[in-house]
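K.L.:
Just passing along the structure, written as structure tokens.
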Amino acid sequence: MPEIVDQTIHILLLDDHTLFRESITRLLSSEPGFDVAAHCGTVEEALTVLRQKSIDIILLDFDLGDRDGREFISLARAQGFKGKILVVTAGLDQPAMSELVRSGVAGIFRKHDSAGLLAQGIREVVSGKVWLRQEQLEVALRNHSKSSKSMVSPFTERERQVLSCVFEGLANKEIAGRIGVSEGSIKATLQQLFSKTGVRTRSQLVRSVLEHYRDQL
């Protein structure tokens, strides 16, 4: 008999607003395949949970009163957490958004979007995709350095086209249809990108490009 694989997504919610935290917990608990393992109001509580439970994804409020999400991310990674982090926020300024993307968060979700969209975002992030809206990508990729204009991009035109589609979360077949080439060609281009950036997955590719090559796209 084949081994049964646990498909449940174990979620930790960190938000300092009790009403929002409890409401989201109830909504997500009704979703098939979701387990809200814990919801916390402080950084210390959340770090304790990470030491005690296996968590697949953290839903992280950016504004935690006198602290912010960046501090928690640093502490959680230092503690050994290797799962996904989806920032859930009412709003971010451009420097904070860029810093979060460079720090390796899997996405940024806006609190005024629907609960159904949040469930979709969680599933896509856990599957390895990056949850960023187009304007968030533009901010993260914006060239802040005038000197970078003289840099030669390490990517070919085809690789840049594929990267743009990967940022949008498109599958290989969808990318092939948009660019007008075969799906095999897209797979080959992705392997070239993986080799150039030293990564193995799409999410790692996006983070690597945003962190190391965003001024050269």
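To be explicit about the labels: the chains of the structure tokens are called A, B, and onward in the order shown, and within each one the residues are counted from 1, while ligands get numbers from 1 in the order they are shown.
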For region 181-197 of chain A, work out the shell of residues within 9 Å, counting only C-alpha atoms and skipping chain neighbours fewer than 3 positions away, then give it as an mmCIF file with N, CA and C atoms, in the first residue's frame.
P.N.:
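Saved result, result-v2.cif, follows:
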```cif
data_model
loop_
_atom_site.group_PDB
_atom_site.id
_atom_site.type_symbol
_atom_site.label_atom_id
_atom_site.label_comp_id
_atom_site.auth_asym_id
_atom_site.auth_seq_id
_atom_site.Cartn_x
_atom_site.Cartn_y
_atom_site.Cartn_z
ATOM 1 N N PRO A 154 23.553 40.252 -17.170
ATOM 2 C CA PRO A 154 24.042 38.876 -17.315
ATOM 3 C C PRO A 154 23.036 37.979 -18.043
ATOM 4 N N PHE A 155 21.848 38.521 -18.352
ATOM 5 C CA PHE A 155 20.784 37.720 -18.939
ATOM 6 C C PHE A 155 20.541 38.096 -20.393
ATOM 7 N N ARG A 158 15.876 36.577 -24.180
ATOM 8 C CA ARG A 158 14.943 35.486 -23.929
ATOM 9 C C ARG A 158 14.867 35.187 -22.426
ATOM 10 N N GLU A 159 16.007 35.183 -21.756
ATOM 11 C CA GLU A 159 16.015 34.924 -20.315
ATOM 12 C C GLU A 159 15.255 36.007 -19.558
ATOM 13 N N VAL A 162 11.518 35.333 -19.984
ATOM 14 C CA VAL A 162 11.078 34.225 -19.136
ATOM 15 C C VAL A 162 11.025 34.660 -17.678
ATOM 16 N N LEU A 163 12.033 35.421 -17.244
ATOM 17 C CA LEU A 163 12.044 35.920 -15.869
ATOM 18 C C LEU A 163 10.808 36.764 -15.580
ATOM 19 N N ASN A 172 5.060 26.944 -17.114
ATOM 20 C CA ASN A 172 5.878 26.823 -18.325
ATOM 21 C C ASN A 172 5.024 26.892 -19.596
ATOM 22 N N LYS A 173 3.876 26.203 -19.581
ATOM 23 C CA LYS A 173 3.016 26.198 -20.765
ATOM 24 C C LYS A 173 2.489 27.600 -21.059
ATOM 25 N N GLU A 174 2.150 28.342 -20.011
ATOM 26 C CA GLU A 174 1.648 29.705 -20.198
ATOM 27 C C GLU A 174 2.749 30.627 -20.726
ATOM 28 N N ILE A 175 3.955 30.448 -20.221
ATOM 29 C CA ILE A 175 5.089 31.257 -20.686
ATOM 30 C C ILE A 175 5.355 30.970 -22.165
ATOM 31 N N ALA A 176 5.328 29.693 -22.518
ATOM 32 C CA ALA A 176 5.577 29.311 -23.911
ATOM 33 C C ALA A 176 4.549 29.947 -24.843
ATOM 34 N N GLY A 177 3.283 29.944 -24.406
ATOM 35 C CA GLY A 177 2.243 30.548 -25.215
ATOM 36 C C GLY A 177 2.415 32.045 -25.367
ATOM 37 N N ARG A 178 2.837 32.708 -24.317
ATOM 38 C CA ARG A 178 3.005 34.164 -24.384
ATOM 39 C C ARG A 178 4.174 34.550 -25.277
ATOM 40 N N ARG A 200 17.865 26.278 -7.516
ATOM 41 C CA ARG A 200 17.237 25.057 -7.991
ATOM 42 C C ARG A 200 15.734 25.181 -8.196
ATOM 43 N N THR A 201 15.118 26.217 -7.643
ATOM 44 C CA THR A 201 13.666 26.354 -7.745
ATOM 45 C C THR A 201 13.299 27.740 -8.248
ATOM 46 N N ARG A 202 12.045 27.889 -8.668
ATOM 47 C CA ARG A 202 11.558 29.180 -9.160
ATOM 48 C C ARG A 202 11.570 30.240 -8.065
ATOM 49 N N GLN A 204 13.463 30.404 -5.435
ATOM 50 C CA GLN A 204 14.854 30.786 -5.190
ATOM 51 C C GLN A 204 15.368 31.685 -6.314
ATOM 52 N N LEU A 205 14.939 31.394 -7.541
ATOM 53 C CA LEU A 205 15.349 32.200 -8.693
ATOM 54 C C LEU A 205 14.867 33.638 -8.544
ATOM 55 N N SER A 208 16.819 35.383 -5.791
ATOM 56 C CA SER A 208 18.198 35.640 -6.204
ATOM 57 C C SER A 208 18.274 36.816 -7.165
ATOM 58 N N VAL A 209 17.356 36.856 -8.132
ATOM 59 C CA VAL A 209 17.359 37.945 -9.114
ATOM 60 C C VAL A 209 17.050 39.277 -8.443
ATOM 61 N N HIS A 212 20.267 40.136 -6.207
ATOM 62 C CA HIS A 212 21.591 40.323 -6.787
ATOM 63 C C HIS A 212 21.602 40.987 -8.163
#
```
K.L.:
DSSP says helix (DSSP H, G or I) for which residues of region 8-63 of chain A? Put them as a list in words?
P.N.:
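The helix (DSSP H, G or I) residues within region 8-63 of chain A come out as Thr18, Leu19, Phe20, Arg21, Glu22, Ser23, Ile24, Thr25, Arg26, Leu27, Leu28, Ser29, Val43, Glu44, Glu45, Ala46, Leu47, Thr48, Val49, Leu50, Arg51 and Gln52 of chain A.
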K.L.:
Looking at only C-alpha atoms, which of A:Cys40, A:Ile9, A:Gly65, A:Lys53 is the one that sits closest to Glu22 (chain A)?
P.N.:
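Ranking A:Cys40, A:Ile9, A:Gly65, A:Lys53 by distance to Glu22 (chain A), first place goes to A:Cys40.
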K.L.:
Return the single residue from A:Lys111, A:Arg67, A:Lys129, A:Arg51 that is closest to Asp16 (chain A), with distances computed using only C-alpha atoms.
P.N.:
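The closest residue to Asp16 (chain A) is A:Arg67.
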K.L.:
Provide the CA of Glu45 (chain A) to CA of Leu14 (chain A) distance in Å, to one decimal place.
P.N.:
8.7 Å
K.L.:
Which one of A:Phe72, A:Trp131, A:Phe62, A:Phe20 sits closest to Ile108 (chain A) if you count only C-alpha atoms?
P.N.:
A:Trp131
K.L.:
In terms of the shortest atom-to-atom distance over only C-alpha atoms, which of A:Leu59, A:Ala37, A:Ile179, A:Val206 is closest to Leu132 (chain A)?
P.N.:
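That would be A:Val206, the residue with the smallest distance to Leu132 (chain A).
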K.L.:
Set the distance at 7 Å and use only C-alpha atoms: which residues neighbour Leu60 (chain A) once local chain neighbours fewer than 5 positions away are removed? I'd like the list as a list in words.
P.N.:
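So the residues in contact are Leu13, Leu14, Asp15, Gly69, Ile85, Leu86, Val87 and Val88 of chain A.
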K.L.:
Using only C-alpha atoms, which of A:Gly198, A:Ile58, A:Pro32, A:Gln161 sits nearest Gly180 (chain A)?
P.N.:
A:Gln161
K.L.:
In Å, how far is it from CA of Glu157 (chain A) to CA of Val101 (chain A)?
P.N.:
23.7 Å
K.L.:
Work out how far apart CA of Val125 (chain A) and CA of Gly33 (chain A) are and give it in Å to one decimal.
P.N.:
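Distance reported for this atom pair: 14.3 Å.
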K.L.:
Any idea what's packed within 12 Å of Leu75 (chain A), counting only C-alpha atoms, ignoring anything in its chain fewer than 3 positions away? Could you give it as an MDAnalysis selection string?
P.N.:
chainID A and resid 43:44 46:48 50:51 68:72 78:82
